[in-house]
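Here the structure is laid out as C-alpha cells; the discussion comes afterwards.
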Amino acid sequence: MIIIRAANDQDTSLLPGIERSSGEIFRQSPGLEWIADDTVQSQEQHRALIADGIALVAEVQGAGIAAFLNGEVAPDALHIWQIAVHRDQQRHGIGRKLIEAAQQSAVDRGTRALTLTTFRNVPWNEPYYRRLGFVTLDSTELNPRLNAILRSEGQAGMPVAQRCAMRKSL
C-alpha cells in the first residue's frame, strides 16, 4: 500500500538519502554516471519547499518513506523540481502516484499545467514522462522561466544538449 501525503519538517532528514539512492540508477547510463555522486537537495532546501512550495512524500507500507516530489507554483504551471524514488522501490508505480498527486494539487490551486526539466533519451526521464502525458517543448515553445531554468542547469554543469523542458496540460 502506498500513501501519498504532504511532506513535513520531520521528513526532511530522510529526503536527501532517498535522492542519493534514487540517483544510483544513473550508474547504468554512459556519460551520466557522475549524477550518482552529485549533490542532492539539502534538508534546508526541502524545508523551504515544504513551507513555500509543493512537497509530497510516498510512504510504502513496511518500508516507510520511499519517495518524494517537490516543486513550486509559477504563474503558468506547477514546476516539479525533483522526483526521487529510493532504488529499492523503483518500478512500482510510486513516481506515477506522486505525479498524479502533483496534478491534483495543481488543479486545486487553479494551475493548468505541470512543467519539469529532465534528461533526453534516458528511459526513466523524457520517455517516462511522455508516457505520463508530458510533451517535450522545443526552443520556440520555451517561456522565459523554463529558458532560465535550463540555462541555470547548464551553468551548474548539466550537459545542456541532453536536457529538455516538458509540459503537461491539465
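Ligands are numbered from 1 in the order shown, residues from 1 within each chain, and chains are lettered A, B, ... in the order they appear in the C-alpha cells.
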Worksheet item: If you run DSSP on the backbone, which residues of chain A are strand (DSSP E), as a PyMOL selection string?
Response: chain A and resi 2-6+54-60+64-73+78-85+113-119+135-137+163-169
Worksheet item: Could you pull the residues within 7 Å of Trp81 in chain A, counting only C-alpha atoms, minus those fewer than 4 positions along the same chain, as a ChimeraX atom specification?
Response: /A:70-71,116
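Candidate residues A:Ile94, A:Leu146, A:Ala55, A:Ala74 were compared for distance to Arg109 in chain A, and the nearest is A:Ala74, using only C-alpha atoms.
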Worksheet item: If you count only C-alpha atoms, which residues fall within 8 Å of range 159-163 of chain A, apart from same-chain ones fewer than 6 positions away, as a PyMOL selection string?
Response: chain A and resi 117-121+150-151+153
Dump C-alpha atoms for the selected residues as a tab-separated table (two decimals), in the first residue's frame?
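result_14.tsv, freshly written:
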chain	number	residue	atom	x	y	z
A	117	THR	CA	13.21	19.67	-16.91
A	118	THR	CA	14.86	16.33	-17.43
A	119	PHE	CA	17.32	14.31	-19.48
A	120	ARG	CA	16.50	13.41	-23.05
A	121	ASN	CA	16.70	9.77	-24.07
A	150	LEU	CA	17.70	25.25	-18.46
A	151	ARG	CA	20.37	27.99	-18.58
A	153	GLU	CA	21.25	23.88	-15.14
If you take only C-alpha atoms and a cut-off of 12 Å, which residues of range 31-87 of chain A touch range 12-20 of chain A, and what are their nearest atom pairs and distances in Å to one decimal, in chain and number order, as a tab-separated table?
residue	atom	partner	partner_atom	distance
A:Trp34	CA	A:Arg20	CA	11.8
A:Ile35	CA	A:Arg20	CA	9.2
A:Ala36	CA	A:Arg20	CA	6.8
A:Asp37	CA	A:Arg20	CA	7.6
A:Asp38	CA	A:Arg20	CA	8.3
A:Thr39	CA	A:Arg20	CA	8.2
A:Val40	CA	A:Pro16	CA	6.1
A:Gln41	CA	A:Pro16	CA	6.1
A:Ser42	CA	A:Pro16	CA	6.3
A:Gln43	CA	A:Thr12	CA	5.3
A:Glu44	CA	A:Thr12	CA	8.1
A:Gln45	CA	A:Thr12	CA	9.1
A:His46	CA	A:Thr12	CA	6.2
A:Arg47	CA	A:Thr12	CA	6.8
A:Ala48	CA	A:Thr12	CA	10.3
A:Leu49	CA	A:Thr12	CA	10.5
A:Ile50	CA	A:Thr12	CA	9.1
A:Ala51	CA	A:Thr12	CA	11.9
A:Ala55	CA	A:Thr12	CA	10.3
A:Leu56	CA	A:Leu15	CA	10.6
A:Val57	CA	A:Leu15	CA	8.8
A:Ala58	CA	A:Leu15	CA	10.9
A:Glu59	CA	A:Leu14	CA	11.8
A:Gly64	CA	A:Leu14	CA	10.0
A:Ile65	CA	A:Leu14	CA	7.8
A:Ala66	CA	A:Ile18	CA	6.8
A:Ala67	CA	A:Ile18	CA	6.5
A:Phe68	CA	A:Leu15	CA	7.2
A:Leu69	CA	A:Leu15	CA	9.8
A:Asn70	CA	A:Leu15	CA	10.6
A:Gln82	CA	A:Glu19	CA	8.7
A:Ile83	CA	A:Glu19	CA	8.1
A:Ala84	CA	A:Glu19	CA	5.2
A:Val85	CA	A:Ile18	CA	6.5
A:His86	CA	A:Ile18	CA	5.0
A:Arg87	CA	A:Ile18	CA	8.1
Worksheet item: Which residues, written as a ChimeraX atom specification, have at least one atom at most 10 Å from Ser139 in chain A, with only C-alpha atoms counted and residues fewer than 5 positions away on the same chain left out?
Response: /A:146-147,164-165
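Distance annotation: of A:Ser169, A:Gln89, A:Thr115, A:Gln155, the residue with the minimal separation from Ser22 in chain A is A:Gln89; atom set is only C-alpha atoms.
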Worksheet item: Taking the backbone alone, and naming residues the way the document does, which bits of range 33-148 of chain A are helix (DSSP H, G or I) by DSSP, as a VMD selection string?
Response: chain A and resid 33 to 37 43 to 52 87 to 89 94 to 108 126 to 131 139 to 141 144 to 148
Written selection (N, CA and C atoms) as a tab-separated table (two decimals), in the first residue's frame:
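Written out: selection.tsv:
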chain	number	residue	atom	x	y	z
A	33	GLU	N	27.10	8.84	-15.32
A	33	GLU	CA	27.36	8.14	-14.05
A	33	GLU	C	27.64	9.10	-12.90
A	34	TRP	N	28.22	10.25	-13.21
A	34	TRP	CA	28.59	11.24	-12.20
A	34	TRP	C	27.38	11.73	-11.39
A	35	ILE	N	26.19	11.62	-11.96
A	35	ILE	CA	24.99	12.08	-11.25
A	35	ILE	C	24.78	11.31	-9.96
A	36	ALA	N	25.17	10.04	-9.95
A	36	ALA	CA	25.01	9.23	-8.74
A	36	ALA	C	25.80	9.80	-7.57
A	37	ASP	N	26.85	10.57	-7.86
A	37	ASP	CA	27.68	11.15	-6.81
A	37	ASP	C	27.49	12.65	-6.68
A	43	GLN	N	18.54	19.45	3.47
A	43	GLN	CA	17.37	19.50	4.35
A	43	GLN	C	16.77	20.90	4.35
A	44	GLU	N	17.61	21.93	4.29
A	44	GLU	CA	17.12	23.31	4.27
A	44	GLU	C	16.31	23.58	3.01
A	45	GLN	N	16.78	23.09	1.86
A	45	GLN	CA	16.03	23.27	0.61
A	45	GLN	C	14.68	22.56	0.71
A	46	HIS	N	14.68	21.37	1.29
A	46	HIS	CA	13.41	20.65	1.48
A	46	HIS	C	12.48	21.44	2.39
A	47	ARG	N	13.02	21.98	3.48
A	47	ARG	CA	12.17	22.76	4.40
A	47	ARG	C	11.56	23.97	3.69
A	48	ALA	N	12.35	24.62	2.85
A	48	ALA	CA	11.83	25.79	2.12
A	48	ALA	C	10.70	25.40	1.19
A	49	LEU	N	10.83	24.26	0.50
A	49	LEU	CA	9.77	23.82	-0.41
A	49	LEU	C	8.54	23.33	0.36
A	50	ILE	N	8.76	22.78	1.53
A	50	ILE	CA	7.62	22.40	2.38
A	50	ILE	C	6.87	23.66	2.80
A	51	ALA	N	7.59	24.71	3.14
A	51	ALA	CA	6.97	25.94	3.63
A	51	ALA	C	6.31	26.75	2.52
A	52	ASP	N	6.97	26.83	1.36
A	52	ASP	CA	6.51	27.77	0.33
A	52	ASP	C	6.21	27.13	-1.02
A	87	ARG	N	15.98	3.49	-4.58
A	87	ARG	CA	16.27	2.43	-5.58
A	87	ARG	C	15.58	1.11	-5.26
A	88	ASP	N	15.35	0.81	-3.99
A	88	ASP	CA	14.67	-0.44	-3.62
A	88	ASP	C	13.18	-0.41	-3.95
A	89	GLN	N	12.64	0.77	-4.25
A	89	GLN	CA	11.20	0.90	-4.51
A	89	GLN	C	10.89	1.35	-5.94
A	94	ILE	N	5.38	4.26	-7.94
A	94	ILE	CA	5.38	5.32	-6.94
A	94	ILE	C	5.54	6.69	-7.59
A	95	GLY	N	6.45	6.81	-8.55
A	95	GLY	CA	6.63	8.08	-9.25
A	95	GLY	C	5.36	8.54	-9.92
A	96	ARG	N	4.66	7.62	-10.55
A	96	ARG	CA	3.39	7.93	-11.21
A	96	ARG	C	2.37	8.46	-10.19
A	97	LYS	N	2.30	7.83	-9.02
A	97	LYS	CA	1.37	8.28	-7.99
A	97	LYS	C	1.74	9.68	-7.49
A	98	LEU	N	3.02	9.96	-7.38
A	98	LEU	CA	3.44	11.30	-6.97
A	98	LEU	C	3.06	12.35	-8.02
A	99	ILE	N	3.24	12.01	-9.29
A	99	ILE	CA	2.86	12.93	-10.38
A	99	ILE	C	1.34	13.16	-10.34
A	100	GLU	N	0.57	12.10	-10.14
A	100	GLU	CA	-0.89	12.25	-10.07
A	100	GLU	C	-1.28	13.17	-8.91
A	101	ALA	N	-0.60	13.03	-7.77
A	101	ALA	CA	-0.89	13.90	-6.63
A	101	ALA	C	-0.49	15.35	-6.92
A	102	ALA	N	0.62	15.53	-7.63
A	102	ALA	CA	1.04	16.89	-8.01
A	102	ALA	C	0.02	17.50	-8.98
A	103	GLN	N	-0.49	16.69	-9.90
A	103	GLN	CA	-1.52	17.16	-10.82
A	103	GLN	C	-2.74	17.64	-10.05
A	104	GLN	N	-3.18	16.86	-9.08
A	104	GLN	CA	-4.35	17.23	-8.29
A	104	GLN	C	-4.08	18.51	-7.51
A	105	SER	N	-2.88	18.63	-6.97
A	105	SER	CA	-2.52	19.84	-6.25
A	105	SER	C	-2.55	21.05	-7.18
A	106	ALA	N	-2.05	20.88	-8.39
A	106	ALA	CA	-2.07	21.98	-9.37
A	106	ALA	C	-3.51	22.38	-9.69
A	107	VAL	N	-4.35	21.40	-9.96
A	107	VAL	CA	-5.76	21.67	-10.27
A	107	VAL	C	-6.44	22.38	-9.10
A	108	ASP	N	-6.18	21.90	-7.89
A	108	ASP	CA	-6.77	22.51	-6.70
A	108	ASP	C	-6.35	23.97	-6.55
A	126	GLU	N	12.84	11.53	-19.97
A	126	GLU	CA	11.94	12.03	-21.02
A	126	GLU	C	10.95	10.96	-21.52
A	127	PRO	N	11.39	9.76	-21.90
A	127	PRO	CA	10.41	8.77	-22.38
A	127	PRO	C	9.36	8.41	-21.32
A	128	TYR	N	9.77	8.34	-20.07
A	128	TYR	CA	8.84	8.03	-18.98
A	128	TYR	C	7.79	9.13	-18.86
A	129	TYR	N	8.23	10.38	-18.83
A	129	TYR	CA	7.29	11.49	-18.68
A	129	TYR	C	6.36	11.60	-19.89
A	130	ARG	N	6.85	11.24	-21.06
A	130	ARG	CA	5.96	11.21	-22.24
A	130	ARG	C	4.83	10.21	-22.02
A	131	ARG	N	5.16	9.07	-21.46
A	131	ARG	CA	4.12	8.07	-21.20
A	131	ARG	C	3.09	8.59	-20.20
A	139	SER	N	12.65	24.71	-28.60
A	139	SER	CA	13.17	26.01	-28.16
A	139	SER	C	12.18	27.15	-28.39
A	140	THR	N	11.33	27.04	-29.41
A	140	THR	CA	10.37	28.11	-29.68
A	140	THR	C	9.19	28.09	-28.71
A	141	GLU	N	9.01	26.99	-27.99
A	141	GLU	CA	7.89	26.87	-27.06
A	141	GLU	C	8.28	27.19	-25.61
A	144	PRO	N	10.22	32.34	-20.78
A	144	PRO	CA	11.43	32.83	-20.10
A	144	PRO	C	11.79	32.04	-18.84
A	145	ARG	N	10.79	31.59	-18.09
A	145	ARG	CA	11.05	30.82	-16.86
A	145	ARG	C	11.76	29.52	-17.16
A	146	LEU	N	11.26	28.76	-18.14
A	146	LEU	CA	11.88	27.48	-18.47
A	146	LEU	C	13.25	27.69	-19.12
A	147	ASN	N	13.38	28.73	-19.95
A	147	ASN	CA	14.69	29.06	-20.51
A	147	ASN	C	15.70	29.33	-19.40
A	148	ALA	N	15.29	30.08	-18.40
A	148	ALA	CA	16.17	30.42	-17.28
A	148	ALA	C	16.57	29.17	-16.50
Discussion item. Using only C-alpha atoms for the distances, tell me which of A:Val73, A:Leu114, A:Val122, A:Ala63 is nearest to Arg27 in chain A.
Written reply: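 Smallest distance to Arg27 in chain A is found for A:Val122.
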